[in-house]
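J.: Structure in structure tokens, see below.
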Amino acid sequence: MQHRYMTDRRTFLKKAGLAAAAAAATPFAIEAMNPDAKSRKKKDDRPPFLQADHALETELLVEKGNALPITGTFLDEISHDIPHQNWGEKEWDRDFQYMKAIGIDTVIDIRCGYRKFITYPSPYLLKQGAYMPSVDLIDLFCRLAQKYDMKFWLGLYDSGKYWDTGDMSYEVEANKYVIDEIWERYGSKYRSFGGWYISGEISRATRGAIDSFRSMGKQCKEVSGGLPTFISPWIDGKKAVDAAGGDLTKEQAVSLEQHEKEWNEIFDGIHEYVDACAFQDGHIDYDELDAFFSVNKKLADRYGMQCWTNAESFDRDMPIKFFPIKFDKLRLKLEAAKRCGYDKAITFEFSHFMSPQSAYLQAGHLYDRYKEYFDI
């Protein structure tokens, strides 16, 4: 009885093992063992749009890729009016991969601190009452930029006092300490550290702007051995309205002639210590792009500066602020930048408004349309 029981038990276990192996085998393995299995597969009767091998391709009515591609993006991690996505290193790493896939080679921290919120444990700012961050984001961004062979540009500290008073000179004092801290902690450590963004945003002949840009740009260059600096002002156009308000346009907008006069004076005063200017492109209408872009390029060339565009990837034409922009609007702006001979296009900003993993579903669709247009 014992011998018969053991034989039956072995047979049972052997059969059970074979059944388990068959269940675990991939379809490819089953087909390899039985070539006829593939021909006996059930016909896929699902609608075409549900079948995995069904691909659609839309024929564009415009010439593909006839625009300046986006090769840089801000990283808006100390945000003023856009919700945080609360990403950790895993999500940021994936986003850098998405950026790399469409040709982005430059990432710019929009600001290393705003009022009391900061991106790194700054000894100086913590003593001024700033809150300790849970993660050193500057170190994270430098590491990821290095991993994906990009350049990281550091955005300076924004105390908020300029927004409260209209005077930029307040920013100079705090950044005297911040610039030195940043270079000692990250600039001298990471080969990915490629430059500086002087984060004060202006549009007109703002009180203290020229002296402030000169002072901060000079210190950035001296401490880092001449690494480049840039600014990203806005044009005081018809769509330059208060983000907290309900209006989409205003009646009083700067004329082209006044814009050229004021920025000629500003460039004249800062060009020694500011290497590039990336005007935000969302405050003027689409039929004004060529006129203002041409003036910006002319002024930049006059003073030996790089002319970039900050191609906003969010929509200023909607009452809901702010959602990813319609692709054709972004296309029109990038095409104008190419026509006017701009040197580089950066965007504000990829992670919220173009990334496939953004909190906004529309952002991933914008990413897909961008790839179609540029044949990526």
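Each chain in the structure tokens gets a letter, A, B and so on, in the order shown; residues start at 1 in every chain, and ligands are counted from 1 in the order they appear.
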For Asp149 in chain A, please output as a PyMOL selection string all residues within 8 Å (counting only C-alpha atoms; exclusion window: fewer than 3 positions along the same chain).
T.: chain A and resi 105+145-146+192
J.: Taking C-alpha atoms for each residue, export the selection above as a PDB file, in the first residue's frame.
T.:
```
ATOM      1  CA  ASP A 105      19.584  69.820 -23.230  1.00  0.00           C
ATOM      2  CA  ALA A 145      21.175  66.744 -15.396  1.00  0.00           C
ATOM      3  CA  GLN A 146      24.549  65.057 -15.163  1.00  0.00           C
ATOM      4  CA  SER A 192      26.386  69.687 -15.148  1.00  0.00           C
TER       5      SER A 192
END
```
J.: Name all residues at most 12 Å from Glu288 in chain A (count only C-alpha atoms; drop same-chain ones fewer than 3 positions away) and give them as a compact mmCIF listing (two decimals) with C-alpha atoms, in the first residue's frame.
T.:
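Dumped everything to selection-v1.txt:
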```txt
# COMPACT_ATOMS: atom_id res chain seq x y z
CA ILE A 235 6.61 92.14 -22.78
CA GLY A 237 1.53 93.60 -24.16
CA LYS A 238 -2.25 93.36 -24.25
CA LYS A 239 -2.26 90.03 -22.37
CA VAL A 254 3.25 99.01 -24.67
CA SER A 255 3.85 100.16 -28.22
CA LEU A 256 6.55 98.53 -30.31
CA ASP A 281 6.18 85.17 -25.50
CA GLY A 282 2.67 84.91 -24.09
CA HIS A 283 1.77 88.53 -23.39
CA ILE A 284 1.38 89.65 -27.01
CA ASP A 285 -1.06 88.46 -29.66
CA ALA A 291 7.21 92.60 -35.01
CA PHE A 292 8.25 92.25 -31.37
CA PHE A 293 10.53 89.27 -32.04
CA SER A 294 12.37 91.22 -34.75
CA VAL A 295 12.99 94.12 -32.37
CA LEU A 332 2.85 79.71 -34.13
CA LYS A 333 5.20 81.10 -31.50
CA ALA A 336 7.95 83.05 -35.47
```
J.: Using the chain letters and numbers from this document, which residues of range 76-242 of chain A does DSSP assign to strand (DSSP E or B), as a ChimeraX atom specification?
T.: /A:106-109,113-114,117-118,151-155,158,193-197,229-231,234
J.: Those same residues - C-alpha atoms - I'd like them written as an mmCIF file, in the first residue's frame.
T.:
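Below you can see part-v8.cif, which holds the result:
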```cif
data_model
loop_
_atom_site.group_PDB
_atom_site.id
_atom_site.type_symbol
_atom_site.label_atom_id
_atom_site.label_comp_id
_atom_site.auth_asym_id
_atom_site.auth_seq_id
_atom_site.Cartn_x
_atom_site.Cartn_y
_atom_site.Cartn_z
ATOM 1 C CA THR A 106 19.136 72.622 -20.678
ATOM 2 C CA VAL A 107 17.129 72.688 -17.433
ATOM 3 C CA ILE A 108 16.722 75.861 -15.398
ATOM 4 C CA ASP A 109 15.590 75.984 -11.789
ATOM 5 C CA GLY A 113 13.735 80.080 -3.164
ATOM 6 C CA TYR A 114 10.634 82.238 -3.013
ATOM 7 C CA PHE A 117 10.141 78.358 0.778
ATOM 8 C CA ILE A 118 13.534 77.181 -0.503
ATOM 9 C CA LYS A 151 23.238 71.536 -18.397
ATOM 10 C CA PHE A 152 21.657 72.847 -15.210
ATOM 11 C CA TRP A 153 21.202 76.591 -14.686
ATOM 12 C CA LEU A 154 20.500 77.936 -11.212
ATOM 13 C CA GLY A 155 17.720 80.481 -10.685
ATOM 14 C CA ASP A 158 13.361 85.731 -4.988
ATOM 15 C CA PHE A 193 26.262 73.125 -13.505
ATOM 16 C CA GLY A 194 26.224 75.321 -16.594
ATOM 17 C CA GLY A 195 25.014 78.798 -15.760
ATOM 18 C CA TRP A 196 22.796 81.210 -13.858
ATOM 19 C CA TYR A 197 19.296 82.585 -14.264
ATOM 20 C CA THR A 229 23.801 84.287 -17.213
ATOM 21 C CA PHE A 230 20.383 85.101 -18.634
ATOM 22 C CA ILE A 231 17.142 86.890 -17.823
ATOM 23 C CA TRP A 234 7.945 89.835 -20.111
#
```
J.: Using only C-alpha atoms for the distances, tell me which of A:Glu312, A:Glu57, A:Glu262, A:Asp236 is nearest to Phe350 in chain A.
T.: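 The answer is A:Glu312, which sits nearest to Phe350 in chain A.
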J.: Could you give me, as a list in words, the residues within 10 Å of range 85-90 of chain A, counting only C-alpha atoms and dropping anything in the same chain fewer than 3 positions from it?
T.: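 Here the answer would be Glu77, Ile82, Asp93, Arg94, Asp95, Val135, Leu137, Leu140, Phe141, Leu144, Ser351, His352, Gln357, Ser358, Ala359 and Tyr360 of chain A.
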J.: Compile the contact shell of Ala337 in chain A as a PyMOL selection string: residues with an atom at most 12 Å away, counting only C-alpha atoms, same-chain residues fewer than 3 positions apart removed.
T.: chain A and resi 66-70+278-281+286+289-297+307-311+330-334+340-346
J.: Print the selection's residues with C-alpha atoms to a file, as a PDB file, in the first residue's frame.
T.:
```
ATOM      1  CA  ASN A  66       9.385  74.508 -39.617  1.00  0.00           C
ATOM      2  CA  ALA A  67       9.981  76.056 -36.203  1.00  0.00           C
ATOM      3  CA  LEU A  68      12.625  76.548 -33.545  1.00  0.00           C
ATOM      4  CA  PRO A  69      12.598  73.397 -31.385  1.00  0.00           C
ATOM      5  CA  ILE A  70      12.439  73.635 -27.608  1.00  0.00           C
ATOM      6  CA  ALA A 278      14.587  85.075 -23.192  1.00  0.00           C
ATOM      7  CA  PHE A 279      11.507  87.262 -23.449  1.00  0.00           C
ATOM      8  CA  GLN A 280       8.287  85.519 -22.374  1.00  0.00           C
ATOM      9  CA  ASP A 281       6.176  85.172 -25.502  1.00  0.00           C
ATOM     10  CA  TYR A 286      -0.054  85.943 -32.303  1.00  0.00           C
ATOM     11  CA  LEU A 289       4.950  88.033 -32.757  1.00  0.00           C
ATOM     12  CA  ASP A 290       7.095  88.882 -35.778  1.00  0.00           C
ATOM     13  CA  ALA A 291       7.213  92.602 -35.013  1.00  0.00           C
ATOM     14  CA  PHE A 292       8.253  92.252 -31.372  1.00  0.00           C
ATOM     15  CA  PHE A 293      10.534  89.271 -32.037  1.00  0.00           C
ATOM     16  CA  SER A 294      12.366  91.221 -34.745  1.00  0.00           C
ATOM     17  CA  VAL A 295      12.987  94.121 -32.368  1.00  0.00           C
ATOM     18  CA  ASN A 296      14.215  91.769 -29.642  1.00  0.00           C
ATOM     19  CA  LYS A 297      16.637  90.085 -32.031  1.00  0.00           C
ATOM     20  CA  CYS A 307      18.314  86.098 -28.223  1.00  0.00           C
ATOM     21  CA  TRP A 308      16.209  83.287 -26.764  1.00  0.00           C
ATOM     22  CA  THR A 309      12.466  82.864 -26.560  1.00  0.00           C
ATOM     23  CA  ASN A 310      10.620  81.700 -23.484  1.00  0.00           C
ATOM     24  CA  ALA A 311       7.907  79.784 -25.337  1.00  0.00           C
ATOM     25  CA  LEU A 330       2.735  76.952 -29.371  1.00  0.00           C
ATOM     26  CA  ARG A 331       3.565  76.141 -32.991  1.00  0.00           C
ATOM     27  CA  LEU A 332       2.854  79.709 -34.134  1.00  0.00           C
ATOM     28  CA  LYS A 333       5.200  81.105 -31.500  1.00  0.00           C
ATOM     29  CA  LEU A 334       8.030  78.684 -32.303  1.00  0.00           C
ATOM     30  CA  CYS A 340      13.278  85.944 -36.687  1.00  0.00           C
ATOM     31  CA  GLY A 341      16.544  84.051 -36.244  1.00  0.00           C
ATOM     32  CA  TYR A 342      16.331  83.370 -32.513  1.00  0.00           C
ATOM     33  CA  ASP A 343      19.190  81.399 -30.980  1.00  0.00           C
ATOM     34  CA  LYS A 344      17.351  79.078 -28.578  1.00  0.00           C
ATOM     35  CA  ALA A 345      13.856  78.212 -27.371  1.00  0.00           C
ATOM     36  CA  ILE A 346      13.171  77.357 -23.759  1.00  0.00           C
TER      37      ILE A 346
END
```
J.: Have a look at CA of Met150 in chain A and CA of Thr347 in chain A and let me know their distance in Å, one decimal.
T.: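 Between CA of Met150 in chain A and CA of Thr347 in chain A the gap is 15.4 Å.
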J.: For Arg302 in chain A, which residue among A:Lys371, A:Asp211, A:Phe267, A:Gly166 is the nearest when counting only C-alpha atoms?
T.: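 The shortest atom-to-atom distance to Arg302 in chain A comes from A:Phe267.
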J.: Got a sec: who's within 9 Å of Ile376 in chain A, counting only C-alpha atoms, leaving out chain neighbours fewer than 3 positions off, as an MDAnalysis selection string?
T.: chainID A and resid 101:102 370:373
J.: Pick the closest to Thr71 in chain A from A:Val172, A:Ser134, A:Glu349, A:Lys321: which is it, counting only C-alpha atoms?
T.: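 Going through A:Val172, A:Ser134, A:Glu349, A:Lys321 one by one, the smallest distance to Thr71 in chain A is for A:Glu349.
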J.: How many Å separate CA of Thr73 in chain A from CA of Arg111 in chain A?
T.: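 Separation of CA of Thr73 in chain A and CA of Arg111 in chain A: 12.9 Å.
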J.: Which polymer residues have any atom within 10 Å of an atom of Asp81 in chain A, counting only C-alpha atoms, with same-chain residues fewer than 5 positions away left out, as a PyMOL selection string?
T.: chain A and resi 243-244+321-322
J.: So how many Å separate CA of Ile138 in chain A and CA of Met99 in chain A, to one decimal?
T.: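 So the answer is 17.7 Å.
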